[in-house]
$ cat run01.tsv   # TSV, C-alpha atoms and all ligand atoms
chain	number	residue	atom	x	y	z
A	1	MET	CA	-71.41	74.58	17.81
A	2	SER	CA	-75.05	74.14	16.89
A	3	GLU	CA	-76.40	72.71	13.63
A	4	ILE	CA	-80.04	73.61	14.28
A	5	THR	CA	-82.60	71.91	12.05
A	6	GLU	CA	-86.35	72.50	11.89
A	7	ASN	CA	-88.90	70.62	13.97
A	8	ILE	CA	-86.45	69.16	16.41
A	9	PRO	CA	-87.77	68.62	19.94
A	10	ARG	CA	-87.13	71.48	22.34
A	11	HIS	CA	-86.92	69.18	25.36
A	12	VAL	CA	-85.76	65.55	25.22
A	13	CYS	CA	-85.71	63.35	28.32
A	14	VAL	CA	-84.02	59.99	28.58
A	15	ILE	CA	-84.44	56.96	30.82
A	16	MET	CA	-80.92	55.57	30.51
A	17	ASP	CA	-81.46	51.85	30.97
A	18	GLY	CA	-79.38	48.74	30.33
A	19	ASN	CA	-76.01	49.52	31.96
A	20	GLY	CA	-76.15	46.33	34.02
A	21	ARG	CA	-77.05	44.10	31.07
A	22	TRP	CA	-74.34	45.74	28.96
A	23	ALA	CA	-71.76	44.92	31.64
A	24	LEU	CA	-72.91	41.33	32.05
A	25	SER	CA	-72.89	40.78	28.28
A	26	HIS	CA	-69.24	41.94	28.23
A	27	GLY	CA	-68.25	39.77	31.20
A	28	LEU	CA	-67.82	42.88	33.36
A	29	GLN	CA	-69.23	44.11	36.66
A	30	ARG	CA	-72.36	46.26	36.84
A	31	LYS	CA	-70.32	49.28	37.93
A	32	ASP	CA	-68.33	49.02	34.67
A	33	GLY	CA	-71.62	49.34	32.81
A	34	HIS	CA	-72.39	52.55	34.69
A	35	ARG	CA	-68.88	53.84	33.89
A	36	GLN	CA	-69.50	53.19	30.21
A	37	GLY	CA	-72.91	54.84	30.66
A	38	VAL	CA	-71.17	58.07	31.63
A	39	GLU	CA	-69.40	58.05	28.24
A	40	ALA	CA	-72.81	57.80	26.57
A	41	VAL	CA	-74.00	60.74	28.71
A	42	ARG	CA	-71.11	62.85	27.39
A	43	GLU	CA	-71.84	61.94	23.78
A	44	ALA	CA	-75.60	62.53	24.12
A	45	THR	CA	-75.00	65.93	25.76
A	46	GLU	CA	-72.68	67.06	22.98
A	47	PHE	CA	-75.11	65.77	20.36
A	48	ALA	CA	-78.04	67.63	21.94
A	49	ALA	CA	-76.04	70.86	22.18
A	50	ARG	CA	-74.98	70.58	18.52
A	51	LYS	CA	-78.54	69.85	17.39
A	52	GLY	CA	-79.92	72.93	19.12
A	53	ILE	CA	-82.07	70.92	21.54
A	54	ARG	CA	-82.75	73.36	24.39
A	55	TYR	CA	-83.24	70.90	27.28
A	56	LEU	CA	-81.87	67.39	27.80
A	57	SER	CA	-83.11	65.65	30.95
A	58	LEU	CA	-81.44	62.44	32.10
A	59	PHE	CA	-82.81	60.04	34.70
A	60	ALA	CA	-79.53	59.21	36.43
A	61	PHE	CA	-80.75	57.77	39.74
A	62	SER	CA	-84.25	57.05	40.95
A	63	GLU	CA	-85.54	56.99	44.52
A	64	GLU	CA	-86.17	53.28	43.93
A	65	ASN	CA	-82.51	52.69	42.96
A	66	TRP	CA	-81.62	52.87	46.68
A	67	GLY	CA	-82.99	49.31	46.83
A	68	ARG	CA	-79.86	48.07	44.97
A	69	PRO	CA	-76.82	46.67	46.84
A	70	LYS	CA	-74.88	49.40	48.66
A	71	SER	CA	-71.76	48.60	46.63
A	72	GLU	CA	-73.65	49.52	43.45
A	73	THR	CA	-75.32	52.70	44.79
A	74	ASP	CA	-71.93	53.81	46.19
A	75	ALA	CA	-70.31	53.15	42.81
A	76	ILE	CA	-72.97	55.20	40.96
A	77	MET	CA	-72.67	58.14	43.40
A	78	SER	CA	-68.89	58.07	43.18
A	79	LEU	CA	-69.02	57.93	39.36
A	80	MET	CA	-71.37	60.88	39.39
A	81	VAL	CA	-69.13	62.97	41.67
A	82	HIS	CA	-66.10	62.30	39.46
A	83	ALA	CA	-68.00	62.83	36.21
A	84	ILE	CA	-69.42	66.17	37.39
A	85	HIS	CA	-65.96	67.35	38.42
A	86	ARG	CA	-64.28	66.13	35.23
A	87	GLU	CA	-66.97	67.35	32.82
A	88	THR	CA	-67.68	70.82	34.20
A	89	PRO	CA	-64.94	72.47	32.06
A	90	THR	CA	-66.46	70.83	28.95
A	91	LEU	CA	-69.92	72.05	29.96
A	92	MET	CA	-68.45	75.55	30.25
A	93	LYS	CA	-66.75	75.24	26.86
A	94	ASN	CA	-70.01	74.11	25.25
A	95	ASN	CA	-72.10	76.81	27.00
A	96	VAL	CA	-74.19	74.13	28.79
A	97	ARG	CA	-76.13	75.00	31.95
A	98	CYS	CA	-76.45	72.07	34.32
A	99	LEU	CA	-79.30	71.57	36.79
A	100	PHE	CA	-79.81	68.71	39.25
A	101	ILE	CA	-83.37	67.88	40.22
A	102	GLY	CA	-84.76	65.40	42.72
A	103	ASP	CA	-84.58	64.99	46.47
A	104	ILE	CA	-80.93	66.02	46.36
A	105	GLU	CA	-80.84	67.66	49.81
A	106	HIS	CA	-80.71	64.17	51.28
A	107	LEU	CA	-77.68	63.01	49.28
A	108	GLN	CA	-74.23	62.65	50.85
A	109	PRO	CA	-72.60	66.05	51.46
A	110	ASP	CA	-69.75	65.44	48.99
A	111	VAL	CA	-72.24	64.62	46.20
A	112	LEU	CA	-74.38	67.64	46.99
A	113	GLU	CA	-71.32	69.92	47.15
A	114	ARG	CA	-70.18	68.88	43.67
A	115	MET	CA	-73.69	69.35	42.29
A	116	ASP	CA	-74.01	72.80	43.81
A	117	ALA	CA	-70.59	73.82	42.50
A	118	CYS	CA	-71.46	72.62	38.99
A	119	MET	CA	-74.87	74.35	39.03
A	120	ASN	CA	-73.31	77.61	40.25
A	121	GLN	CA	-70.45	77.52	37.77
A	122	THR	CA	-72.68	76.84	34.76
A	123	SER	CA	-75.66	78.97	35.81
A	124	ASP	CA	-75.01	81.79	33.31
A	125	ASN	CA	-74.53	79.52	30.30
A	126	THR	CA	-77.13	80.13	27.61
A	127	GLY	CA	-76.94	77.04	25.39
A	128	LEU	CA	-78.34	73.60	26.20
A	129	THR	CA	-79.77	73.07	29.68
A	130	LEU	CA	-78.78	69.64	30.97
A	131	VAL	CA	-81.18	68.47	33.68
A	132	VAL	CA	-79.87	65.53	35.70
A	133	ALA	CA	-82.49	63.78	37.84
A	134	VAL	CA	-80.92	62.23	40.94
A	135	ASN	CA	-82.82	60.64	43.83
A	136	TYR	CA	-85.83	61.58	41.74
A	137	SER	CA	-89.27	60.10	41.35
A	138	GLY	CA	-92.27	61.55	39.57
A	139	LYS	CA	-94.56	60.91	42.55
A	140	TRP	CA	-92.05	62.62	44.87
A	141	ASP	CA	-92.01	65.62	42.54
A	142	ILE	CA	-95.79	65.99	42.58
A	143	MET	CA	-95.95	65.48	46.36
A	144	GLN	CA	-93.24	68.03	47.12
A	145	ALA	CA	-94.97	70.50	44.80
A	146	VAL	CA	-98.33	69.99	46.56
A	147	ASN	CA	-96.73	70.32	50.01
A	148	ARG	CA	-94.89	73.53	49.13
A	149	LEU	CA	-97.97	74.95	47.45
A	150	MET	CA	-100.13	74.22	50.52
A	151	GLU	CA	-97.55	75.88	52.74
A	152	GLU	CA	-97.49	79.03	50.64
A	153	GLN	CA	-101.16	79.13	49.63
A	154	PRO	CA	-103.35	77.70	52.38
A	155	CYS	CA	-106.26	75.57	51.10
A	156	GLY	CA	-109.38	77.26	49.88
A	157	LYS	CA	-107.81	80.62	49.02
A	158	HIS	CA	-107.27	80.05	45.30
A	159	PRO	CA	-108.18	77.09	43.08
A	160	VAL	CA	-105.10	75.09	42.11
A	161	THR	CA	-104.62	75.13	38.36
A	162	SER	CA	-102.31	73.03	36.25
A	163	GLU	CA	-100.13	76.13	35.74
A	164	THR	CA	-99.94	76.79	39.49
A	165	LEU	CA	-98.85	73.25	40.30
A	166	SER	CA	-96.30	73.25	37.46
A	167	ARG	CA	-94.63	76.26	39.07
A	168	TYR	CA	-93.85	74.17	42.16
A	169	LEU	CA	-92.48	71.13	40.35
A	170	SER	CA	-88.73	70.63	40.26
A	171	THR	CA	-88.93	71.42	36.53
A	172	ALA	CA	-90.54	74.86	37.06
A	173	GLY	CA	-89.73	77.14	34.14
A	174	ILE	CA	-88.74	74.21	31.90
A	175	PRO	CA	-91.15	73.22	29.11
A	176	ASP	CA	-92.58	69.71	29.32
A	177	PRO	CA	-90.56	67.13	27.37
A	178	ASP	CA	-91.49	66.78	23.69
A	179	LEU	CA	-89.75	63.43	23.38
A	180	MET	CA	-88.90	60.74	25.89
A	181	ILE	CA	-86.35	58.08	24.95
A	182	ARG	CA	-85.97	54.86	26.91
A	183	THR	CA	-83.18	52.47	26.05
A	184	SER	CA	-82.79	48.72	26.59
A	185	GLY	CA	-86.17	47.59	25.27
A	186	GLU	CA	-88.16	48.20	28.47
A	187	MET	CA	-91.45	49.97	27.83
A	188	ARG	CA	-92.23	51.75	31.07
A	189	ILE	CA	-92.17	55.27	32.48
A	190	SER	CA	-90.73	53.99	35.81
A	191	ASN	CA	-91.87	56.93	37.91
A	192	PHE	CA	-90.01	59.51	35.82
A	193	MET	CA	-91.58	62.93	35.16
A	194	LEU	CA	-95.18	61.69	35.58
A	195	TRP	CA	-96.86	65.08	35.42
A	196	GLN	CA	-94.59	66.49	32.75
A	197	LEU	CA	-94.92	63.51	30.36
A	198	ALA	CA	-98.68	63.95	29.83
A	199	TYR	CA	-98.33	64.68	26.08
A	200	THR	CA	-94.77	63.62	25.44
A	201	GLU	CA	-93.97	61.43	22.44
A	202	LEU	CA	-92.46	58.14	23.62
A	203	TYR	CA	-89.60	56.37	21.86
A	204	PHE	CA	-88.32	52.96	22.92
A	205	THR	CA	-85.16	51.40	21.54
A	206	PRO	CA	-83.59	48.00	22.31
A	207	VAL	CA	-80.11	49.61	22.34
A	208	LEU	CA	-78.52	49.40	25.79
A	209	TRP	CA	-77.59	52.82	27.20
A	210	PRO	CA	-73.78	52.36	27.04
A	211	ASP	CA	-74.15	51.56	23.32
A	212	PHE	CA	-76.43	54.55	22.62
A	213	ARG	CA	-74.49	56.62	20.06
A	214	ASN	CA	-75.23	59.62	17.82
A	215	PRO	CA	-76.97	57.57	15.08
A	216	ASP	CA	-79.31	56.14	17.74
A	217	PHE	CA	-80.12	59.64	19.00
A	218	GLU	CA	-80.57	60.77	15.40
A	219	ALA	CA	-83.05	57.90	14.78
A	220	ALA	CA	-85.09	58.95	17.82
A	221	ILE	CA	-85.22	62.57	16.60
A	222	GLU	CA	-86.21	61.42	13.14
A	223	SER	CA	-89.04	59.32	14.57
A	224	PHE	CA	-90.21	62.39	16.50
A	225	THR	CA	-90.14	64.67	13.46
A	226	ASN	CA	-92.34	62.20	11.55
A	227	ARG	CA	-95.05	62.15	14.19
A	228	LYS	CA	-98.20	64.25	14.20
A	229	ARG	CA	-98.83	65.71	17.64
A	230	ARG	CA	-102.51	66.50	18.16
A	231	PHE	CA	-102.63	67.03	21.93
A	232	GLY	CA	-106.07	65.41	22.06
A	233	LYS	CA	-107.45	67.65	19.31
A	234	ILE	CA	-108.20	66.84	15.67
A	235	GLU	CA	-105.92	68.04	12.92
A	236	GLU	CA	-108.20	70.81	11.54
A	237	SER	CA	-108.48	72.51	14.94
A	238	LEU	CA	-104.73	72.74	15.49
B	1	LIG	C1	-79.81	52.00	34.48
B	1	LIG	O1	-79.20	50.80	34.07
B	1	LIG	C2	-78.80	52.99	34.89
B	1	LIG	C3	-78.70	53.54	36.13
B	1	LIG	C4	-79.62	53.21	37.23
B	1	LIG	C5	-77.61	54.49	36.48
B	1	LIG	C6	-77.31	55.48	35.40
B	1	LIG	C7	-76.28	56.42	35.85
B	1	LIG	C8	-75.27	56.87	35.08
B	1	LIG	C9	-75.07	56.48	33.66
B	1	LIG	C10	-74.34	57.87	35.66
B	1	LIG	C11	-74.82	59.22	35.23
B	1	LIG	C12	-73.86	60.28	35.54
B	1	LIG	C13	-74.06	61.58	35.23
B	1	LIG	C14	-73.01	62.55	35.57
B	1	LIG	C15	-75.30	62.05	34.58
B	1	LIG	P1	-79.48	49.48	34.94
B	1	LIG	O2	-78.40	49.34	35.95
B	1	LIG	O3	-80.86	49.52	35.49
B	1	LIG	O4	-79.35	48.39	33.83
B	1	LIG	P2	-80.05	46.95	33.81
B	1	LIG	O5	-81.53	47.20	33.68
B	1	LIG	O6	-79.47	46.31	32.59
B	1	LIG	O7	-79.70	46.25	35.07
$ encode --input "run01.tsv" --output "structure tokens"
Amino acid sequence: MSEITENIPRHVCVIMDGNGRWALSHGLQRKDGHRQGVEAVREATEFAARKGIRYLSLFAFSEENWGRPKSETDAIMSLMVHAIHRETPTLMKNNVRCLFIGDIEHLQPDVLERMDACMNQTSDNTGLTLVVAVNYSGKWDIMQAVNRLMEEQPCGKHPVTSETLSRYLSTAGIPDPDLMIRTSGEMRISNFMLWQLAYTELYFTPVLWPDFRNPDFEAAIESFTNRKRRFGKIEESL
């Protein structure tokens, strides 16, 4: 199903923002905005798979989101459980491998069960890898990596390199994002993949996540393809 073009980003990550504002602007409840957001997730996943993007990472729920009213966090978790269950056959059909990253061990058992089942079922798929960040924060990721590294390699034995630390991050084995998209006009990283975003191209759009459609994704890719990435070097030395 892929229509691979040159110079497309290998890894795109998305901060899906604006579900609440979308709902309010339609006279609906915030949870309806999240429901509509799931539709945008489906469309973006299919688009990425078709485009030949290798990794699509979505910030679905941050550690900080627990500060929202319980009715809203319950609604998001329930939406996620149902969406994972409903969409797994489509992921299989589209050869998509699904991974969940974040402090997921502490989620409710029913949520964790669904995630595990989806990860197991899709683990041999070889197309797009869909990385869903749940109960995730960039600082948590770095801290858990440092803690695991210290447990396995007691201090002083070997110097810690960037490559060593990367191997302990929740994104181990996944290339750093080439492009990060944030919807809804906010221009922040909001504790998303802090380590991994070091040289990522940033793209901000005013479109609210539930309205984010293929032409919006296409515009983000086009902006990326027109950029010159120098990674701190000058053009001649690249
Ligand atoms: C941000 O909008 C959105 C969220 C915190 C939740 C996003 C979750 C989903 C779309 C469900 C994902 C499900 C799967 C299976 C990946 P906001 O509520 O912060 O919007 P606002 O800034 O307008 O209030």
$ residues_near_ligand --input "run01.tsv" --ligand "ligand LIG 1 (chain B)" --cutoff "7 Å" --atoms "all atoms listed in the file" --output "number ranges by chain"
A: 16-22, 30, 34-35, 37-38, 41, 58, 60-61, 65, 76, 79-80, 83-84, 132
$ write_last_selection --input "run01.tsv" --atoms "C-alpha atoms" --output "tab-separated table (two decimals), in the coordinates of the input"
chain	number	residue	atom	x	y	z
A	16	MET	CA	-80.92	55.57	30.51
A	17	ASP	CA	-81.46	51.85	30.97
A	18	GLY	CA	-79.38	48.74	30.33
A	19	ASN	CA	-76.01	49.52	31.96
A	20	GLY	CA	-76.15	46.33	34.02
A	21	ARG	CA	-77.05	44.10	31.07
A	22	TRP	CA	-74.34	45.74	28.96
A	30	ARG	CA	-72.36	46.26	36.84
A	34	HIS	CA	-72.39	52.55	34.69
A	35	ARG	CA	-68.88	53.84	33.89
A	37	GLY	CA	-72.91	54.84	30.66
A	38	VAL	CA	-71.17	58.07	31.63
A	41	VAL	CA	-74.00	60.74	28.71
A	58	LEU	CA	-81.44	62.44	32.10
A	60	ALA	CA	-79.53	59.21	36.43
A	61	PHE	CA	-80.75	57.77	39.74
A	65	ASN	CA	-82.51	52.69	42.96
A	76	ILE	CA	-72.97	55.20	40.96
A	79	LEU	CA	-69.02	57.93	39.36
A	80	MET	CA	-71.37	60.88	39.39
A	83	ALA	CA	-68.00	62.83	36.21
A	84	ILE	CA	-69.42	66.17	37.39
A	132	VAL	CA	-79.87	65.53	35.70
$ closest_residue --input "run01.tsv" --among "A:Glu87, A:Lys139, A:Ser223, A:Lys233" --to "A:Glu39" --atoms "all atoms listed in the file"
A:Glu87
$ closest_residue --input "run01.tsv" --among "A:Cys13, A:Leu128, A:Met193, A:Met150" --to "A:Asp178" --atoms "only C-alpha atoms"
A:Cys13
$ atom_distance --input "run01.tsv" --atom1 "atom CA of A:Leu208" --atom2 "atom CA of A:Ile53"
22.2 Å
$ build_atoms --input "run01.tsv" --residues "stretch 78-100 of chain A" --atoms "N, CA, C and O atoms" --output "PDB file, keeping the file's coordinate frame"
ATOM      1  N   SER A  78     -70.288  57.704  43.349  1.00  0.00           N
ATOM      2  CA  SER A  78     -68.890  58.070  43.180  1.00  0.00           C
ATOM      3  C   SER A  78     -68.612  58.419  41.706  1.00  0.00           C
ATOM      4  O   SER A  78     -67.921  59.417  41.407  1.00  0.00           O
ATOM      5  N   LEU A  79     -69.179  57.630  40.801  1.00  0.00           N
ATOM      6  CA  LEU A  79     -69.020  57.930  39.360  1.00  0.00           C
ATOM      7  C   LEU A  79     -69.566  59.315  39.049  1.00  0.00           C
ATOM      8  O   LEU A  79     -68.981  60.094  38.288  1.00  0.00           O
ATOM      9  N   MET A  80     -70.716  59.602  39.671  1.00  0.00           N
ATOM     10  CA  MET A  80     -71.370  60.880  39.390  1.00  0.00           C
ATOM     11  C   MET A  80     -70.502  62.045  39.877  1.00  0.00           C
ATOM     12  O   MET A  80     -70.296  63.017  39.162  1.00  0.00           O
ATOM     13  N   VAL A  81     -69.987  61.915  41.109  1.00  0.00           N
ATOM     14  CA  VAL A  81     -69.130  62.970  41.670  1.00  0.00           C
ATOM     15  C   VAL A  81     -67.937  63.221  40.751  1.00  0.00           C
ATOM     16  O   VAL A  81     -67.622  64.366  40.410  1.00  0.00           O
ATOM     17  N   HIS A  82     -67.280  62.134  40.308  1.00  0.00           N
ATOM     18  CA  HIS A  82     -66.100  62.300  39.460  1.00  0.00           C
ATOM     19  C   HIS A  82     -66.466  62.873  38.100  1.00  0.00           C
ATOM     20  O   HIS A  82     -65.773  63.735  37.571  1.00  0.00           O
ATOM     21  N   ALA A  83     -67.603  62.363  37.539  1.00  0.00           N
ATOM     22  CA  ALA A  83     -68.000  62.830  36.210  1.00  0.00           C
ATOM     23  C   ALA A  83     -68.339  64.323  36.250  1.00  0.00           C
ATOM     24  O   ALA A  83     -67.939  65.083  35.357  1.00  0.00           O
ATOM     25  N   ILE A  84     -69.034  64.753  37.299  1.00  0.00           N
ATOM     26  CA  ILE A  84     -69.420  66.170  37.390  1.00  0.00           C
ATOM     27  C   ILE A  84     -68.156  67.036  37.430  1.00  0.00           C
ATOM     28  O   ILE A  84     -68.023  68.028  36.717  1.00  0.00           O
ATOM     29  N   HIS A  85     -67.201  66.594  38.270  1.00  0.00           N
ATOM     30  CA  HIS A  85     -65.960  67.350  38.420  1.00  0.00           C
ATOM     31  C   HIS A  85     -65.188  67.412  37.092  1.00  0.00           C
ATOM     32  O   HIS A  85     -64.756  68.474  36.651  1.00  0.00           O
ATOM     33  N   ARG A  86     -65.084  66.232  36.456  1.00  0.00           N
ATOM     34  CA  ARG A  86     -64.280  66.130  35.230  1.00  0.00           C
ATOM     35  C   ARG A  86     -64.943  66.872  34.060  1.00  0.00           C
ATOM     36  O   ARG A  86     -64.270  67.466  33.227  1.00  0.00           O
ATOM     37  N   GLU A  87     -66.282  66.830  34.011  1.00  0.00           N
ATOM     38  CA  GLU A  87     -66.970  67.350  32.820  1.00  0.00           C
ATOM     39  C   GLU A  87     -67.343  68.825  32.911  1.00  0.00           C
ATOM     40  O   GLU A  87     -67.727  69.411  31.908  1.00  0.00           O
ATOM     41  N   THR A  88     -67.238  69.421  34.097  1.00  0.00           N
ATOM     42  CA  THR A  88     -67.680  70.820  34.200  1.00  0.00           C
ATOM     43  C   THR A  88     -66.935  71.744  33.225  1.00  0.00           C
ATOM     44  O   THR A  88     -67.578  72.571  32.565  1.00  0.00           O
ATOM     45  N   PRO A  89     -65.612  71.600  33.051  1.00  0.00           N
ATOM     46  CA  PRO A  89     -64.940  72.470  32.060  1.00  0.00           C
ATOM     47  C   PRO A  89     -65.521  72.295  30.650  1.00  0.00           C
ATOM     48  O   PRO A  89     -65.665  73.280  29.908  1.00  0.00           O
ATOM     49  N   THR A  90     -65.879  71.063  30.279  1.00  0.00           N
ATOM     50  CA  THR A  90     -66.460  70.830  28.950  1.00  0.00           C
ATOM     51  C   THR A  90     -67.846  71.471  28.862  1.00  0.00           C
ATOM     52  O   THR A  90     -68.229  72.017  27.817  1.00  0.00           O
ATOM     53  N   LEU A  91     -68.601  71.398  29.964  1.00  0.00           N
ATOM     54  CA  LEU A  91     -69.920  72.050  29.960  1.00  0.00           C
ATOM     55  C   LEU A  91     -69.745  73.545  29.742  1.00  0.00           C
ATOM     56  O   LEU A  91     -70.470  74.172  28.971  1.00  0.00           O
ATOM     57  N   MET A  92     -68.732  74.108  30.401  1.00  0.00           N
ATOM     58  CA  MET A  92     -68.450  75.550  30.250  1.00  0.00           C
ATOM     59  C   MET A  92     -68.084  75.852  28.797  1.00  0.00           C
ATOM     60  O   MET A  92     -68.595  76.804  28.198  1.00  0.00           O
ATOM     61  N   LYS A  93     -67.204  75.022  28.241  1.00  0.00           N
ATOM     62  CA  LYS A  93     -66.750  75.240  26.860  1.00  0.00           C
ATOM     63  C   LYS A  93     -67.930  75.184  25.887  1.00  0.00           C
ATOM     64  O   LYS A  93     -68.016  75.951  24.932  1.00  0.00           O
ATOM     65  N   ASN A  94     -68.862  74.276  26.151  1.00  0.00           N
ATOM     66  CA  ASN A  94     -70.010  74.110  25.250  1.00  0.00           C
ATOM     67  C   ASN A  94     -71.218  74.955  25.637  1.00  0.00           C
ATOM     68  O   ASN A  94     -72.316  74.766  25.096  1.00  0.00           O
ATOM     69  N   ASN A  95     -71.032  75.876  26.612  1.00  0.00           N
ATOM     70  CA  ASN A  95     -72.100  76.810  27.000  1.00  0.00           C
ATOM     71  C   ASN A  95     -73.326  76.083  27.565  1.00  0.00           C
ATOM     72  O   ASN A  95     -74.465  76.488  27.338  1.00  0.00           O
ATOM     73  N   VAL A  96     -73.090  74.944  28.256  1.00  0.00           N
ATOM     74  CA  VAL A  96     -74.190  74.130  28.790  1.00  0.00           C
ATOM     75  C   VAL A  96     -74.456  74.517  30.256  1.00  0.00           C
ATOM     76  O   VAL A  96     -73.534  74.565  31.067  1.00  0.00           O
ATOM     77  N   ARG A  97     -75.710  74.740  30.564  1.00  0.00           N
ATOM     78  CA  ARG A  97     -76.130  75.000  31.950  1.00  0.00           C
ATOM     79  C   ARG A  97     -76.585  73.673  32.537  1.00  0.00           C
ATOM     80  O   ARG A  97     -77.332  72.928  31.907  1.00  0.00           O
ATOM     81  N   CYS A  98     -76.099  73.362  33.731  1.00  0.00           N
ATOM     82  CA  CYS A  98     -76.450  72.070  34.320  1.00  0.00           C
ATOM     83  C   CYS A  98     -77.312  72.261  35.567  1.00  0.00           C
ATOM     84  O   CYS A  98     -77.007  73.089  36.433  1.00  0.00           O
ATOM     85  N   LEU A  99     -78.416  71.529  35.623  1.00  0.00           N
ATOM     86  CA  LEU A  99     -79.300  71.570  36.790  1.00  0.00           C
ATOM     87  C   LEU A  99     -79.438  70.154  37.344  1.00  0.00           C
ATOM     88  O   LEU A  99     -79.489  69.198  36.567  1.00  0.00           O
ATOM     89  N   PHE A 100     -79.516  70.015  38.646  1.00  0.00           N
ATOM     90  CA  PHE A 100     -79.810  68.710  39.250  1.00  0.00           C
ATOM     91  C   PHE A 100     -81.172  68.818  39.908  1.00  0.00           C
ATOM     92  O   PHE A 100     -81.425  69.760  40.665  1.00  0.00           O
TER      93      PHE A 100
END
